[in-house]
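Undergrad: Dropping the structure in here first, questions after.
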Amino acid sequence: MAAQAFYNSGNAHYEQQQYAEAAQAHAQAAQNLPNAPQRANAYYNQGNALLKARKIEESIAAYKNALRQNPNDADAKYNLAYAQKLKQQQQNKDQNQNQQQQGQNQDQNQQQQQQGQNQGQNQGQNQNQQQQGQNQNQDQNQQQQQGQNQNQTNNSKGKTKIKTKTKTNNSKGKPKSRRARRTQGR
């Protein structure tokens with residue numbers, strides 16, 4: 001196909017909103033057209049088609065090629081600046097989204113850490129409560145034992161005291177707790 005046919009084909013595809021095909025046809029025309037002003041027009045049209053197809057980086061390159069062929073083309077300068085502005089806006093938008101995502105990830109990590117700390121504190125409190133309950137049971141058992149010892153002393157009326165032993169469940173001599181231990185699941 002002759003260069004002019006590629007150029008005309010590109011224009012037809014552009015009119016039908018077939019921007020990828022238009023860009024490709026204009027690129028082939030630009031490579032085969034004989035003079036700089038015609039090549040500049042083909043690159044300019046390629047840039048327009050690529051911009052419509054949201055291929056911003058590629059449109060910038062096409063507009064730069066058009067300006068290499070015709071540095072005085074005001075429309076190519078304008079569209080190049082416009083495409084560069086779109087690129088910057090897209091980068092800012094992407095950066096903002098990344099920052100928001102990172103912020104959300106940090107928030108989630110902080111929440112998870114806080115939950116982990118709360119669980120650790122709750123476990124510590126449960127263990128402290130269990131220990132306090134056991135200590136209270138021990139105190140009650142000792143008080144009961146003392147009360148029994150006093151009753152025996154009062155009943156004996158002047159007889160010698162009889163010592164009683166407490167039943168232990170370990171080698172340290174602590175009284176056995178009658179209260180069942182709570183499971184961690186509660």
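Ordering of the structure tokens sets the chain letters (A, B, ...), residue numbers begin anew at 1 in every chain, and ligands are numbered from 1 in the order given.
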Looking only at the backbone, which of the residues in stretch 8-79 of chain A does DSSP tag as alpha helix (DSSP H), as a ChimeraX atom specification?

TA: /A:8-15,19-32,36-52,56-69,74-79

Undergrad: Those residues you just picked out, can you put them in a file as a tab-separated table (two decimals), in the first residue's frame with C-alpha atoms?

TA:
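File produced: selection_19.tsv:
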chain	number	residue	atom	x	y	z
A	8	ASN	CA	-6.11	8.02	4.14
A	9	SER	CA	-6.77	4.69	5.88
A	10	GLY	CA	-5.66	6.24	9.20
A	11	ASN	CA	-8.05	9.12	8.72
A	12	ALA	CA	-10.93	6.74	7.92
A	13	HIS	CA	-10.24	4.61	11.02
A	14	TYR	CA	-10.07	7.75	13.16
A	15	GLU	CA	-13.46	8.91	11.89
A	19	TYR	CA	-8.11	4.63	17.25
A	20	ALA	CA	-5.62	1.76	17.51
A	21	GLU	CA	-5.97	1.01	13.79
A	22	ALA	CA	-5.75	4.72	12.96
A	23	ALA	CA	-2.54	5.11	14.95
A	24	GLN	CA	-0.98	2.10	13.25
A	25	ALA	CA	-1.92	3.33	9.73
A	26	HIS	CA	-0.55	6.84	10.43
A	27	ALA	CA	2.71	5.36	11.77
A	28	GLN	CA	3.17	3.40	8.53
A	29	ALA	CA	2.33	6.49	6.47
A	30	ALA	CA	4.89	8.59	8.40
A	31	GLN	CA	7.63	6.08	7.66
A	32	ASN	CA	6.89	6.13	3.92
A	36	ALA	CA	8.87	16.41	6.27
A	37	PRO	CA	5.57	18.37	6.35
A	38	GLN	CA	3.60	15.27	5.30
A	39	ARG	CA	5.47	13.10	7.84
A	40	ALA	CA	4.76	15.76	10.50
A	41	ASN	CA	1.02	15.57	9.71
A	42	ALA	CA	1.08	11.75	9.88
A	43	TYR	CA	2.87	11.78	13.27
A	44	TYR	CA	0.50	14.47	14.54
A	45	ASN	CA	-2.53	12.36	13.51
A	46	GLN	CA	-0.91	9.29	15.08
A	47	GLY	CA	-0.52	11.25	18.33
A	48	ASN	CA	-4.19	12.26	18.24
A	49	ALA	CA	-5.31	8.66	17.68
A	50	LEU	CA	-3.09	7.39	20.50
A	51	LEU	CA	-4.36	10.07	22.84
A	52	LYS	CA	-7.96	9.08	22.08
A	56	ILE	CA	-0.60	8.83	26.67
A	57	GLU	CA	3.11	7.89	26.67
A	58	GLU	CA	2.95	6.78	23.05
A	59	SER	CA	1.03	9.92	22.01
A	60	ILE	CA	3.76	12.08	23.58
A	61	ALA	CA	6.38	10.26	21.49
A	62	ALA	CA	4.29	10.78	18.31
A	63	TYR	CA	3.87	14.52	18.98
A	64	LYS	CA	7.63	14.81	19.56
A	65	ASN	CA	8.22	13.08	16.21
A	66	ALA	CA	5.84	15.56	14.56
A	67	LEU	CA	7.78	18.47	16.05
A	68	ARG	CA	11.08	16.99	14.84
A	69	GLN	CA	9.64	17.09	11.33
A	74	ALA	CA	1.64	25.11	17.04
A	75	ASP	CA	-1.04	22.37	17.21
A	76	ALA	CA	1.57	19.68	17.85
A	77	LYS	CA	3.15	21.83	20.59
A	78	TYR	CA	-0.25	22.37	22.20
A	79	ASN	CA	-1.23	18.67	22.03

Undergrad: Expressed in Å to a single decimal, how great is the separation between atom CA of A:Gln16 and atom CA of A:Ala2?

TA: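 Atom CA of A:Ala2 lies 21.3 Å from atom CA of A:Gln16.
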
Undergrad: To one decimal in Å, tell me the separation between atom CA of A:Leu33 and atom CA of A:Gln4.

TA: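 Atom CA of A:Leu33 sits 7.3 Å away from atom CA of A:Gln4.
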
Undergrad: For atom CA of A:Gln114 and atom CA of A:Gln95, determine how far apart the two atoms are, in Å to one decimal place.

TA: 28.2 Å
